[in-house]
file upload_35.cif (mmCIF, C-alpha atoms)
data_start
loop_
_atom_site.label_atom_id
_atom_site.label_comp_id
_atom_site.auth_asym_id
_atom_site.auth_seq_id
_atom_site.Cartn_x
_atom_site.Cartn_y
_atom_site.Cartn_z
CA MET U 141 16.31 -6.74 30.13
CA GLY U 142 14.88 -6.64 33.64
CA LYS U 143 12.03 -8.74 35.03
CA ALA U 144 9.45 -5.98 34.61
CA SER U 145 10.45 -5.44 30.98
CA ARG U 146 10.26 -9.16 30.23
CA ARG U 147 6.78 -9.30 31.79
CA LYS U 148 5.63 -6.38 29.62
CA VAL U 149 7.00 -8.01 26.46
CA ASN U 150 5.35 -11.33 27.34
CA ALA U 151 2.05 -9.56 28.08
CA ALA U 152 2.22 -7.78 24.70
CA ARG U 153 2.90 -11.07 22.90
CA GLN U 154 0.03 -12.75 24.73
CA GLY U 155 -2.25 -9.84 23.78
CA VAL U 156 -1.43 -10.30 20.10
CA LEU U 157 -2.14 -14.04 20.36
CA ASP U 158 -5.40 -13.44 22.23
CA ARG U 159 -6.60 -10.98 19.56
CA ALA U 160 -5.65 -13.48 16.86
CA ARG U 161 -7.61 -16.25 18.59
CA GLY U 162 -10.61 -13.91 18.80
CA VAL U 163 -10.44 -13.19 15.06
CA ILE U 164 -10.20 -16.89 14.25
CA GLN U 165 -13.11 -17.84 16.47
CA THR U 166 -15.26 -15.04 15.08
CA ALA U 167 -14.46 -15.90 11.47
CA ALA U 168 -14.34 -19.68 11.58
CA GLY U 169 -15.84 -20.84 14.86
CA ALA U 170 -14.00 -23.02 17.31
CA ARG U 171 -10.91 -24.55 15.73
CA GLU U 172 -7.74 -26.03 16.99
CA ILE U 173 -5.08 -23.36 17.06
CA ARG U 174 -1.47 -24.36 17.06
CA VAL U 175 0.89 -21.60 18.12
CA ARG U 176 4.31 -21.71 16.50
CA SER U 177 6.63 -19.59 18.57
CA ASP U 178 9.67 -21.73 17.85
CA LEU U 179 10.27 -20.36 14.36
CA PRO U 180 13.63 -18.80 13.59
CA GLN U 181 13.41 -15.01 13.63
CA GLU U 182 13.62 -14.69 9.84
CA GLU U 183 10.59 -16.99 9.40
CA LYS U 184 8.27 -15.09 11.76
CA ILE U 185 5.51 -12.94 10.27
CA SER U 186 6.69 -10.05 12.45
CA HIS U 187 10.07 -10.21 10.70
CA ALA U 188 8.44 -9.89 7.27
CA LEU U 189 6.23 -7.02 8.42
CA SER U 190 9.23 -5.29 10.01
CA ALA U 191 11.16 -5.55 6.75
CA LEU U 192 8.33 -3.79 4.92
CA LEU U 193 7.83 -1.23 7.70
CA GLU U 194 11.52 -0.34 7.79
CA SER U 195 11.41 1.16 4.32
CA GLU U 196 8.10 2.98 4.87
CA VAL U 197 8.86 5.10 7.94
CA SER U 198 11.94 7.21 8.55
CA ASP U 199 13.91 6.87 11.78
CA GLY U 200 12.78 9.14 14.58
CA SER U 201 9.14 9.20 13.48
CA PRO U 202 6.42 9.16 16.13
CA LEU U 203 4.76 5.88 17.09
CA GLU U 204 1.49 6.89 15.41
CA GLU U 205 3.27 7.10 12.06
CA TYR U 206 4.61 3.57 12.53
CA ARG U 207 1.13 2.33 13.48
CA ALA U 208 -0.51 3.94 10.45
CA ALA U 209 2.16 2.54 8.12
CA LEU U 210 1.85 -0.95 9.63
CA ASP U 211 -1.94 -0.84 9.20
CA PHE U 212 -1.47 -0.08 5.49
CA ILE U 213 1.17 -2.81 5.18
CA VAL U 214 -1.09 -5.42 6.76
CA MET U 215 -4.01 -4.36 4.58
CA ALA U 216 -1.83 -4.66 1.48
CA TRP U 217 -0.37 -7.99 2.67
CA ASN U 218 -3.81 -9.53 3.17
CA ILE U 219 -5.20 -8.12 -0.08
CA SER U 220 -2.19 -9.57 -1.92
CA LEU U 221 -3.35 -13.05 -0.91
CA MET U 222 -6.65 -12.68 -2.80
CA GLU U 223 -7.37 -13.85 -6.32
CA ALA U 224 -7.15 -11.04 -8.90
CA ASP U 225 -10.94 -10.45 -9.13
CA ASN U 226 -11.37 -10.33 -5.37
CA ARG U 227 -8.29 -8.11 -5.02
CA TYR U 228 -9.80 -5.59 -7.44
CA LYS U 229 -13.11 -5.62 -5.50
CA ALA U 230 -11.26 -5.17 -2.19
CA LEU U 231 -9.33 -2.19 -3.55
CA GLN U 232 -12.59 -0.64 -4.77
CA GLU U 233 -14.08 -1.10 -1.30
CA VAL U 234 -11.03 0.55 0.26
CA ALA U 235 -11.39 3.46 -2.18
CA ALA U 236 -15.05 3.85 -1.27
CA ALA U 237 -14.20 3.82 2.44
CA ILE U 238 -11.69 6.66 2.15
CA ASN U 239 -13.62 9.73 3.29
CA CYS U 240 -12.15 12.42 1.13
CA SER U 241 -13.65 14.77 -1.41
CA ASP U 242 -10.31 15.09 -3.22
CA GLU U 243 -10.12 12.27 -5.76
CA SER U 244 -6.34 12.68 -6.12
CA ILE U 245 -5.85 11.78 -2.44
CA ARG U 246 -8.00 8.66 -2.90
CA ARG U 247 -5.98 7.63 -5.96
CA GLU U 248 -2.74 8.26 -4.07
CA ALA U 249 -3.87 6.04 -1.18
CA LEU U 250 -4.79 3.22 -3.59
CA SER U 251 -1.50 3.64 -5.40
CA HIS U 252 0.27 3.34 -2.05
CA ILE U 253 -1.56 0.09 -1.26
CA GLU U 254 -0.82 -1.32 -4.73
CA ARG U 255 2.87 -0.43 -4.30
CA LEU U 256 2.92 -2.26 -0.95
CA ILE U 257 1.24 -5.28 -2.56
CA SER U 258 3.98 -5.33 -5.21
CA ARG U 259 6.71 -5.08 -2.55
CA LYS U 260 5.17 -7.91 -0.53
CA GLN U 261 4.98 -10.09 -3.64
CA ALA U 262 8.56 -9.23 -4.61
CA LEU U 263 10.06 -9.86 -1.16
CA PHE U 264 7.81 -12.66 0.09
CA PRO U 265 6.19 -14.25 -3.00
CA ASP U 266 5.52 -17.64 -1.39
CA ASP U 267 4.30 -16.39 1.98
CA ARG U 268 0.55 -17.12 2.06
CA ARG U 269 -0.01 -16.41 5.76
CA HIS U 270 -2.97 -14.18 6.57
CA VAL U 271 -2.10 -11.56 9.21
CA VAL U 272 -4.83 -11.46 11.87
CA SER U 273 -3.28 -9.43 14.66
CA TRP U 274 -0.45 -6.88 14.79
CA GLU U 275 1.02 -4.08 16.81
CA VAL U 276 4.08 -1.89 16.78
CA ARG U 277 5.74 -0.30 19.80
CA PHE U 278 8.98 1.24 20.91
CA GLN U 279 11.21 -0.91 23.06
CA GLY U 280 13.88 1.47 24.18
CA ALA U 281 15.13 3.09 20.99
CA GLN U 282 14.06 0.15 18.79
CA VAL U 283 10.82 -0.37 16.91
CA ARG U 284 9.29 -3.76 17.70
CA VAL U 285 6.56 -5.46 15.69
CA SER U 286 4.44 -8.24 17.18
CA ALA U 287 2.06 -10.12 14.92
CA ALA U 288 0.11 -13.31 14.52
CA ALA U 289 -0.93 -14.97 11.29
CA LEU U 290 -2.91 -17.92 10.01
CA ALA U 291 -1.03 -20.28 7.77
CA PRO U 292 -2.91 -22.16 5.06
CA SER U 293 -3.39 -25.86 5.64
CA PRO U 294 -0.57 -27.94 4.15
#
call {"tool": "encode", "arguments": {"input": "upload_35.cif", "output": "structure tokens"}}
result
Amino acid sequence: MGKASRRKVNAARQGVLDRARGVIQTAAGAREIRVRSDLPQEEKISHALSALLESEVSDGSPLEEYRAALDFIVMAWNISLMEADNRYKALQEVAAAINCSDESIRREALSHIERLISRKQALFPDDRRHVVSWEVRFQGAQVRVSAAALAPSP
């Protein structure tokens, strides 16, 4: 990878971290943020999201399809962290937000989210990190996911 490519990758990573810091400060005010970039690849939130994304989008799809799928995955991931009552309310809010006169499309979208919640819980049952920032891009022929998450206090 050349210098220019490394700079672009580092700028993209910094953008994800900056967006995450903005979300944290908006939601919780000023807090100490500890960035953990030294995790092994398989422990990074981007690795988990990539694993879910891999099975959702077929190879050769356009970037917009990857972005839409990742948005649904993150929504499902974060909803999966809620208690059962709050999860039900969140799904009802998502259903209400879907602008469609065809009820079957709304049910299909909710079914899709519930399926993603089940997959997240099956593959990553103990992962309680809340995803706050994410993006997907092509790097050459590969799909790359960058993400930041908040981990619960120990």
call {"tool": "resolve_selection", "arguments": {"input": "upload_35.cif", "expression": "the PyMOL selection byres ((chain U and resi 268-280) around 7)", "output": "MDAnalysis selection string"}}
result
chainID U and resid 156 159:160 163 203 206:207 214 218 221 266:267 281:292
call {"tool": "residues_around", "arguments": {"input": "upload_35.cif", "residues": "Gln261 (chain U)", "least_positions_apart": "2", "cutoff": "12 Å", "atoms": "all atoms listed in the file", "output": "list in words"}}
result
Ala188, Leu192, Ala216, Trp217, Asn218, Ile219, Ser220, Leu221, Met222, Glu254, Arg255, Leu256, Ile257, Ser258, Arg259, Leu263, Phe264, Pro265, Asp266, Asp267 and Arg268 of chain U
call {"tool": "closest_residue", "arguments": {"input": "upload_35.cif", "among": "U:Asp225, U:Glu248, U:Glu196, U:Asp178", "to": "Ala209 (chain U)", "atoms": "all atoms listed in the file"}}
result
U:Glu196
call {"tool": "atom_distance", "arguments": {"input": "upload_35.cif", "atom1": "CA of Ala191 (chain U)", "atom2": "CA of Tyr228 (chain U)"}}
result
25.3 Å
call {"tool": "axis_aligned_box", "arguments": {"input": "upload_35.cif", "around": "region 208-225 of chain U", "padding_each_side": "4 Å", "output": "AutoDock Vina command-line options"}}
result
--center_x -4.4 --center_y -5.0 --center_z 0.7 --size_x 21.1 --size_y 25.8 --size_z 27.6
call {"tool": "closest_residue", "arguments": {"input": "upload_35.cif", "among": "U:Ala262, U:Leu179, U:Val234, U:Leu210", "to": "Leu250 (chain U)", "atoms": "all atoms listed in the file"}}
result
U:Val234
call {"tool": "residues_around", "arguments": {"input": "upload_35.cif", "residues": "Ala235 (chain U)", "least_positions_apart": "5", "cutoff": "12 Å", "atoms": "only C-alpha atoms", "output": "MDAnalysis selection string"}}
result
chainID U and resid 228:230 240:254
call {"tool": "write_last_selection", "arguments": {"input": "upload_35.cif", "atoms": "C-alpha atoms", "output": "PDB file, keeping the file's coordinate frame"}}
result
ATOM      1  CA  TYR U 228      -9.800  -5.590  -7.440  1.00  0.00           C
ATOM      2  CA  LYS U 229     -13.110  -5.620  -5.500  1.00  0.00           C
ATOM      3  CA  ALA U 230     -11.260  -5.170  -2.190  1.00  0.00           C
ATOM      4  CA  CYS U 240     -12.150  12.420   1.130  1.00  0.00           C
ATOM      5  CA  SER U 241     -13.650  14.770  -1.410  1.00  0.00           C
ATOM      6  CA  ASP U 242     -10.310  15.090  -3.220  1.00  0.00           C
ATOM      7  CA  GLU U 243     -10.120  12.270  -5.760  1.00  0.00           C
ATOM      8  CA  SER U 244      -6.340  12.680  -6.120  1.00  0.00           C
ATOM      9  CA  ILE U 245      -5.850  11.780  -2.440  1.00  0.00           C
ATOM     10  CA  ARG U 246      -8.000   8.660  -2.900  1.00  0.00           C
ATOM     11  CA  ARG U 247      -5.980   7.630  -5.960  1.00  0.00           C
ATOM     12  CA  GLU U 248      -2.740   8.260  -4.070  1.00  0.00           C
ATOM     13  CA  ALA U 249      -3.870   6.040  -1.180  1.00  0.00           C
ATOM     14  CA  LEU U 250      -4.790   3.220  -3.590  1.00  0.00           C
ATOM     15  CA  SER U 251      -1.500   3.640  -5.400  1.00  0.00           C
ATOM     16  CA  HIS U 252       0.270   3.340  -2.050  1.00  0.00           C
ATOM     17  CA  ILE U 253      -1.560   0.090  -1.260  1.00  0.00           C
ATOM     18  CA  GLU U 254      -0.820  -1.320  -4.730  1.00  0.00           C
TER      19      GLU U 254
END
call {"tool": "atom_distance", "arguments": {"input": "upload_35.cif", "atom1": "CA of Leu231 (chain U)", "atom2": "CA of Leu193 (chain U)"}}
result
20.5 Å
call {"tool": "atom_distance", "arguments": {"input": "upload_35.cif", "atom1": "CA of Arg227 (chain U)", "atom2": "CA of Phe212 (chain U)"}}
result
14.9 Å
